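Report on one structure; see the data block that follows.
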Amino acid sequence: MQHDIHLFGLNHRTAGVEVRECFSLKDLEACEACVSELGRYVDEVMLLSTCNRVELLVVAPRGSNVSSRVLECWASASGRQAQELAPHIYEHRDLAAVEHMYLVASGLDSMVLGEPQILGQLKQAYKASVEKGQAKVVVNRLLHKAFSVAKRVRTETGIGASAVSISYAAVELAKRILGDMADKKAMLVGAGEMAELAATHLVGAGVRSLCVVNRTLARAEELASRFKGTAYSFTDLTTRLPEVDIVITSTGSPEPIIRARDVKDVLKKRKYRPMFFIDIAVPRDIDPDINSLDNIYLYDIDDLKEVVEENKAQRQMEAEKAREIVQAETDKFGQWLDSLDLQPTIVDLLSRGEELAHKELKKTLKRLGPDCADEVREAVEVLALKLSRKLYHAPLVFLKRRSREESSERFLDLARRMFNLDEDIVPPEAHLDRKNGEED
Amino acid sequence: MDWSELLFYSVLVLYLIGSGGHICGILTRKERPRLVGGVVSGAGFALHGLSLALQLVHEPTVARGGFYLSLFSWSVLLILFILWARLRMSFLGLIATPLALVLLLASQAATSAPLAPLPLPPALPGLFFGLHIGTLFASLGLMAMACAAGIGYLKLERRIKSKEKLTGAWAALPSLDKLDSANRLAVTIGFPLYTLGLVSGFLWAGLTWKRYFSWDPKEVVAVLIWLLFAYLFHQRVALGWRGRKTAWLAIWVFGLSLASMFLINFFVKTHHSFT
C-alpha cells in the first residue's frame, strides 16, 4: 500500500453547536480555500459538511505527516487558530477511516440512528470532490463502496423500517389504517408547534388537502397558508369533521373538545368511512371513549411515545447487525488496498489467466474423448497455458514500466478493473449517471 | 403412473413450493422468495388448468367429485391472481396457495375413493349446469379471499386499537383500508355471481327433473347462505357498512359454504353428492 488514508472530523458528540458553526466550512469560499490548499500537499481530498458533522477525507503518500497541515488549513479557512480546533477533532487512519466512512454513510454515526439524509449529503460531497478532480483511485473506490454498504445496511437490516419521531410515527400509523394518502383529508385543531410538525409529515406523505381550525382565526390562516390549506374558525369544528379522515388536535383546552357522541353522528354522516384521531394535547382534547367505536382510531401522545420508544429500541438492535456488515466490508476494502500494488496485481493477473486456461482445457479434453492420444493432450495443455501467459505479457510489461512513475496506482487500478481481478459485480446501469453528468 | 397422475403430482409439488416460498417471503420480509413463490404458484396454476382441460377432453361426459374440488382449488387461485393484479395484495397468497393445496389434496382423496361417476347432462341443461358450477366456484373463490382479508383485517384492527407493536409480520399486512376494499370487491362481484349460480341451478333442476326446488339439504343450506350473503351485500352496498362487521360476515359466508361443501356433499344424502 502506497497511501495513508486519513479522516479528520468533528461531529455532534465531539463539538457543541457553537464550535460546529465556527468550523463548518459551509461558506463556499472557505471550503474551497481549505480543499485546494490541501490539494497541494496530498493526493486526494473530500470534504463533507453538514449541520451535525464535518468530515475531511485525505489520501496522502505513505508516511507523510499531514495532520498538522490539515488542522492549520481547516482553522485558517475558518479564520481561527489550530489550537482552538484540535480538542474537538477525531482522527482515523487507514482501515479505521474506511470503517468510519461506512458508518457515516449508513447513518450509524448519526444523531438519529439510521437516518437516511446523510447519504444524500455524502453523495453531493463526493460529486463536488470529483468535479474538482480531487477524487482519484482510493476516494473513488471508497465512496462507491460506502454507498453500496449504506444500501446493503438499508435493505438487509430493519434500521430505517420504523418511525422514531412522534409526528412521523403518527403518519405511519395513518398509512396503516387509511392506506393511500392521496385521497385523504386532514384537519389540524390548534396550531401549535407539534401540529405544524405533523402537518409537514402529512403533506410529505401526500395527503390531498389540509385544513386548520383554531380559536384565533388569524393564527389558523397563517398556518393554513403555509401548507396551502384552508382555515376555519372554532365554531365550524363539528360541521367540518365529517369531511376529514385524519384529525390532529393540540389545543390548550382544559376539557375535551371532541366528544364520543359528536363522533357517532359524524361517523353516520360519512357512511362509516374510517377516521384516525391523533391527540397530542395535554390535557387531552378528545374523549378517549371514541376508540371503542367501530372504524374510529384514537392515539394520544402517550401511545405515540410508546411506539417511538419501541421503534428506537428496535433500531439499536438492527444497528448491531449493520455494524457487522460494516466490519465485513471494511475487511474487504483492506484486501483491495493491499492488492493495489505491482506484485499482487501480477500474481492475480497470471493466476486469473491460468484459471481460465484450466477451465477451458477441461472442457476441450472432455470433448476430445478417452481415445485421444496422450501427445495430443499434452500439446493442447501446453498451448492453453502458454497462450494465457503470452496474452498477459504485454499488459504486465506496461504495468512494470509505469510502476516507476508517480501515479502508478491509477494504472494498477485500471488493470484490475479491466480484467475484473477483484470480481466486482458492476450492474449494467452503473455508469449511466456519469454519462448523463457529462452531457449537462 | 399415467400422465394424469404425473401431472397431478407436479401441480402438487409446484403449489407446495409456491406457498412455502410465499410464506417465507412474508415472514422474513424479503421480496425474492415472495416473487419466486408467486411464479412457481403461477406455473402450477397453468399446469393445473391444463390437467383439468385434459380430464374434460378425456372423459367429457363423466365428472367425479374430485374433479369439482380440483376445479374449485383452481378457481381460488384464479381469483387470487385477479385480485393480485387489481389490488397488489400479495399477502393473499399466504392463504390462497395453501387453500388451493388442501382442496387439491381433498380432490385426490375424493377421486381415489371407489365412487360411481356422475354423468354430465347434455345440451341446453348443460349450459345451465356449467353456469351453475362456474359462477358458484368463482364466487366462493372471491369469498375465500374476502375471508382471508377479513381475518387479516380483524387481527390488524385489534392490534391497532389496543396499540400494540406493528412490527415483523404485522408490517407485511396491507393497510386496513386495502383489506376492506378486498372485502368490498369480493362482495359486490361475489354476490351477483352467487345469485346467478343458484338461479341457474334451479333452472337446470327444473329442466332435468321437472322440479325447481326439491328440499335437498344442500339446496336448503345454499338458500340460507344466500340470505346471509344478501344481508351482507345490502348492508355493504346500501348502508355503507365497512370494516369489522363486513369482515365477520364474509368469514361466516365462506365458512358456511366450505362446511356445506365438505360436510353435506360427502356425508349427507343429497343429489349434490360428489359420490
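Identifiers for the C-alpha cells are assigned positionally: chains receive A, B, ... in sequence, residues are indexed from 1 per chain, and ligands are indexed from 1 in the order shown.
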| Just asking: which residues within segment 21-255 of chain B are alpha helix (DSSP H) according to DSSP, as a ChimeraX atom specification? | /B:21-28,31-58,65-87,93-112,123-161,169-172,176-209,217-237,244-255
Go through chain B and flag each residue having an atom no more than 7 Å from chain A; for those, report the closest pair of atoms plus their distance in Å to one decimal, using only C-alpha atoms, ordered by chain and rising number, as CSV.
```
residue,atom,partner,partner_atom,distance
B:Lys161,CA,A:Tyr297,CA,6.4
B:Lys163,CA,A:Asp303,CA,6.9
B:Lys165,CA,A:Val307,CA,6.9
B:Ser175,CA,A:Arg176,CA,4.4
B:Leu176,CA,A:Ile177,CA,4.9
B:Asp177,CA,A:Leu178,CA,5.1
B:Lys178,CA,A:Gly179,CA,6.3
B:Gly240,CA,A:Lys271,CA,5.4
B:Trp241,CA,A:Tyr272,CA,6.5
B:Arg242,CA,A:Tyr272,CA,6.7
B:Gly243,CA,A:Asn295,CA,6.6
```
Could the residues in this selection be written to a file with C-alpha atoms, as a PDB file, in the first residue's frame?
```pdb
ATOM      1  CA  LYS B 161     -56.949  -0.407  18.625  1.00  0.00           C
ATOM      2  CA  LYS B 163     -51.974  -0.015  20.459  1.00  0.00           C
ATOM      3  CA  LYS B 165     -46.495  -3.073  18.136  1.00  0.00           C
ATOM      4  CA  SER B 175     -53.454  -1.282   5.388  1.00  0.00           C
ATOM      5  CA  LEU B 176     -56.907  -1.720   6.893  1.00  0.00           C
ATOM      6  CA  ASP B 177     -58.325   0.272   4.021  1.00  0.00           C
ATOM      7  CA  LYS B 178     -56.893  -2.122   1.453  1.00  0.00           C
ATOM      8  CA  GLY B 240     -72.203   1.672   3.628  1.00  0.00           C
ATOM      9  CA  TRP B 241     -71.188  -0.836   6.258  1.00  0.00           C
ATOM     10  CA  ARG B 242     -67.493  -1.472   6.291  1.00  0.00           C
ATOM     11  CA  GLY B 243     -64.749  -2.794   8.479  1.00  0.00           C
TER      12      GLY B 243
END
```
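Atom CA of Trp248 of chain B is found 18.2 Å from atom CA of Ser260 of chain B.
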| task | With a distance cut-off of 7 Å and only C-alpha atoms, select the neighbouring residues of segment 45-51 of chain B, excluding the residue or stretch itself and same-chain residues fewer than 2 positions from it, and output the selection as a ChimeraX atom specification. | result | /B:4,7,11,41-43,53-55,74
Produce a file of the selected residues containing N, CA and C atoms, as a PDB file, in the first residue's frame.
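Writing the result to selection05.pdb gives the following:
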```pdb
ATOM      1  N   SER B   4     -51.974 -38.399 -16.111  1.00  0.00           N
ATOM      2  CA  SER B   4     -52.805 -37.531 -15.260  1.00  0.00           C
ATOM      3  C   SER B   4     -52.273 -37.511 -13.829  1.00  0.00           C
ATOM      4  N   LEU B   7     -49.110 -35.417 -13.808  1.00  0.00           N
ATOM      5  CA  LEU B   7     -49.496 -34.011 -13.867  1.00  0.00           C
ATOM      6  C   LEU B   7     -49.957 -33.550 -12.490  1.00  0.00           C
ATOM      7  N   VAL B  11     -48.272 -30.647 -10.158  1.00  0.00           N
ATOM      8  CA  VAL B  11     -49.031 -29.475  -9.698  1.00  0.00           C
ATOM      9  C   VAL B  11     -48.918 -29.349  -8.182  1.00  0.00           C
ATOM     10  N   SER B  41     -46.191 -20.727  -8.081  1.00  0.00           N
ATOM     11  CA  SER B  41     -47.636 -20.966  -7.998  1.00  0.00           C
ATOM     12  C   SER B  41     -48.279 -20.739  -9.360  1.00  0.00           C
ATOM     13  N   GLY B  42     -47.813 -19.710 -10.067  1.00  0.00           N
ATOM     14  CA  GLY B  42     -48.360 -19.418 -11.396  1.00  0.00           C
ATOM     15  C   GLY B  42     -48.136 -20.586 -12.342  1.00  0.00           C
ATOM     16  N   ALA B  43     -46.924 -21.163 -12.291  1.00  0.00           N
ATOM     17  CA  ALA B  43     -46.625 -22.315 -13.142  1.00  0.00           C
ATOM     18  C   ALA B  43     -47.538 -23.481 -12.777  1.00  0.00           C
ATOM     19  N   ALA B  53     -58.349 -29.375 -18.153  1.00  0.00           N
ATOM     20  CA  ALA B  53     -58.825 -29.413 -19.537  1.00  0.00           C
ATOM     21  C   ALA B  53     -58.653 -30.808 -20.112  1.00  0.00           C
ATOM     22  N   LEU B  54     -57.501 -31.420 -19.830  1.00  0.00           N
ATOM     23  CA  LEU B  54     -57.244 -32.765 -20.349  1.00  0.00           C
ATOM     24  C   LEU B  54     -58.243 -33.770 -19.794  1.00  0.00           C
ATOM     25  N   GLN B  55     -58.544 -33.590 -18.495  1.00  0.00           N
ATOM     26  CA  GLN B  55     -59.529 -34.503 -17.892  1.00  0.00           C
ATOM     27  C   GLN B  55     -60.876 -34.390 -18.580  1.00  0.00           C
ATOM     28  N   TRP B  74     -58.626 -24.595  -8.342  1.00  0.00           N
ATOM     29  CA  TRP B  74     -58.107 -23.796  -9.463  1.00  0.00           C
ATOM     30  C   TRP B  74     -58.766 -22.414  -9.483  1.00  0.00           C
TER      31      TRP B  74
END
```
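Atom CA of Leu113 of chain A is positioned 24.4 Å from atom CA of Leu25 of chain A.
For the choices A:Asp43, A:Glu99, A:Glu72, A:Glu172, the atom-to-atom distance to Leu166 of chain B is smallest for A:Glu172 when using only C-alpha atoms.
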| Selection: 8 Å around Thr249 of chain A, only C-alpha atoms, excl. self and same-chain fewer than 2 positions, as a ChimeraX atom specification | /A:188-190,195,247,251,277-281,285-286
Taking C-alpha atoms for each residue, export the selection above as a compact mmCIF listing (two decimals), in the first residue's frame.
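File again-v3.txt, as written:
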```txt
# COMPACT_ATOMS: atom_id res chain seq x y z
CA LEU A 188 -55.42 20.31 12.46
CA VAL A 189 -57.22 21.51 15.55
CA GLY A 190 -54.99 24.01 17.31
CA ALA A 195 -49.33 20.33 14.91
CA VAL A 247 -57.70 14.79 12.84
CA THR A 251 -55.20 22.82 21.75
CA PHE A 277 -57.68 10.86 15.57
CA ILE A 278 -54.32 11.91 16.94
CA ASP A 279 -54.49 13.73 20.23
CA ILE A 280 -51.17 15.32 21.11
CA ALA A 281 -52.60 17.78 23.64
CA ASP A 285 -58.65 17.16 23.67
CA ILE A 286 -60.54 14.05 22.62
```
| What is the distance between atom CA of Glu320 of chain A and atom CA of Thr50 of chain A, in Å to one decimal? | 24.9 Å
| task | Quick one: everything within 10 Å of Leu48 of chain A, counting only C-alpha atoms, minus sequence neighbours fewer than 2 positions away in the same chain. Send it as a PyMOL selection string. | result | chain A and resi 9+24-26+31+46+50+53-57+118+121-126+128-129
Shell around segment 75-92 of chain A at 8 Å using only C-alpha atoms, local window under 5 positions removed, as a PDB file with C-alpha atoms, in the first residue's frame:
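Result file is part-v3.pdb:
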```
ATOM      1  CA  HIS A   6      -6.671   9.979   6.975  1.00  0.00           C
ATOM      2  CA  LEU A   7     -10.035  11.052   8.185  1.00  0.00           C
ATOM      3  CA  PHE A   8     -10.387  14.172  10.306  1.00  0.00           C
ATOM      4  CA  GLY A   9     -13.734  15.163  11.654  1.00  0.00           C
ATOM      5  CA  LEU A  10     -15.902  16.686  14.286  1.00  0.00           C
ATOM      6  CA  THR A  14     -17.213  15.895  19.956  1.00  0.00           C
ATOM      7  CA  ALA A  15     -18.232  19.507  19.490  1.00  0.00           C
ATOM      8  CA  CYS A  22     -17.435  28.039  13.660  1.00  0.00           C
ATOM      9  CA  PHE A  23     -15.568  25.296  11.818  1.00  0.00           C
ATOM     10  CA  SER A  24     -18.326  24.122   9.493  1.00  0.00           C
ATOM     11  CA  LEU A  25     -16.580  25.279   6.263  1.00  0.00           C
ATOM     12  CA  ALA A  30     -13.679  28.999   2.855  1.00  0.00           C
ATOM     13  CA  CYS A  31     -14.355  25.466   1.842  1.00  0.00           C
ATOM     14  CA  ALA A  33      -9.680  27.561   0.046  1.00  0.00           C
ATOM     15  CA  CYS A  34      -9.294  24.736   2.512  1.00  0.00           C
ATOM     16  CA  ALA A  97     -11.029   5.754   8.436  1.00  0.00           C
ATOM     17  CA  HIS A 100     -15.826   5.454   9.897  1.00  0.00           C
TER      18      HIS A 100
END
```
Can you tell me which residues surround Gly18 of chain B at a distance of at most 8 Å, considering only C-alpha atoms, apart from same-chain residues fewer than 3 positions away, and format the answer as a PDB file with N, CA and C atoms, in the first residue's frame?
```pdb
ATOM      1  N   LEU B  14     -45.523 -28.054  -7.185  1.00  0.00           N
ATOM      2  CA  LEU B  14     -45.383 -26.626  -7.502  1.00  0.00           C
ATOM      3  C   LEU B  14     -46.138 -25.774  -6.487  1.00  0.00           C
ATOM      4  N   TYR B  15     -47.341 -26.195  -6.125  1.00  0.00           N
ATOM      5  CA  TYR B  15     -48.119 -25.433  -5.135  1.00  0.00           C
ATOM      6  C   TYR B  15     -47.414 -25.428  -3.783  1.00  0.00           C
ATOM      7  N   GLY B  21     -42.594 -20.727  -0.440  1.00  0.00           N
ATOM      8  CA  GLY B  21     -41.823 -19.531  -0.786  1.00  0.00           C
ATOM      9  C   GLY B  21     -42.539 -18.275  -0.347  1.00  0.00           C
ATOM     10  N   HIS B  22     -43.842 -18.277  -0.593  1.00  0.00           N
ATOM     11  CA  HIS B  22     -44.621 -17.093  -0.266  1.00  0.00           C
ATOM     12  C   HIS B  22     -44.617 -16.806   1.235  1.00  0.00           C
ATOM     13  N   VAL B  36     -40.592 -15.597  -6.103  1.00  0.00           N
ATOM     14  CA  VAL B  36     -40.410 -16.972  -6.560  1.00  0.00           C
ATOM     15  C   VAL B  36     -41.668 -17.778  -6.259  1.00  0.00           C
ATOM     16  N   GLY B  37     -42.213 -17.603  -5.033  1.00  0.00           N
ATOM     17  CA  GLY B  37     -43.446 -18.296  -4.662  1.00  0.00           C
ATOM     18  C   GLY B  37     -44.559 -17.992  -5.643  1.00  0.00           C
ATOM     19  N   GLY B  38     -44.677 -16.709  -6.004  1.00  0.00           N
ATOM     20  CA  GLY B  38     -45.728 -16.309  -6.941  1.00  0.00           C
ATOM     21  C   GLY B  38     -45.536 -16.950  -8.301  1.00  0.00           C
ATOM     22  N   VAL B  39     -44.296 -16.939  -8.793  1.00  0.00           N
ATOM     23  CA  VAL B  39     -44.019 -17.500 -10.121  1.00  0.00           C
ATOM     24  C   VAL B  39     -44.267 -19.005 -10.130  1.00  0.00           C
ATOM     25  N   VAL B  40     -43.788 -19.688  -9.069  1.00  0.00           N
ATOM     26  CA  VAL B  40     -43.969 -21.139  -9.004  1.00  0.00           C
ATOM     27  C   VAL B  40     -45.455 -21.482  -8.910  1.00  0.00           C
ATOM     28  N   SER B  41     -46.191 -20.727  -8.081  1.00  0.00           N
ATOM     29  CA  SER B  41     -47.636 -20.966  -7.998  1.00  0.00           C
ATOM     30  C   SER B  41     -48.279 -20.739  -9.360  1.00  0.00           C
ATOM     31  N   THR B  97     -52.688 -19.993  -1.816  1.00  0.00           N
ATOM     32  CA  THR B  97     -51.993 -21.194  -2.287  1.00  0.00           C
ATOM     33  C   THR B  97     -52.158 -22.371  -1.324  1.00  0.00           C
TER      34      THR B  97
END
```
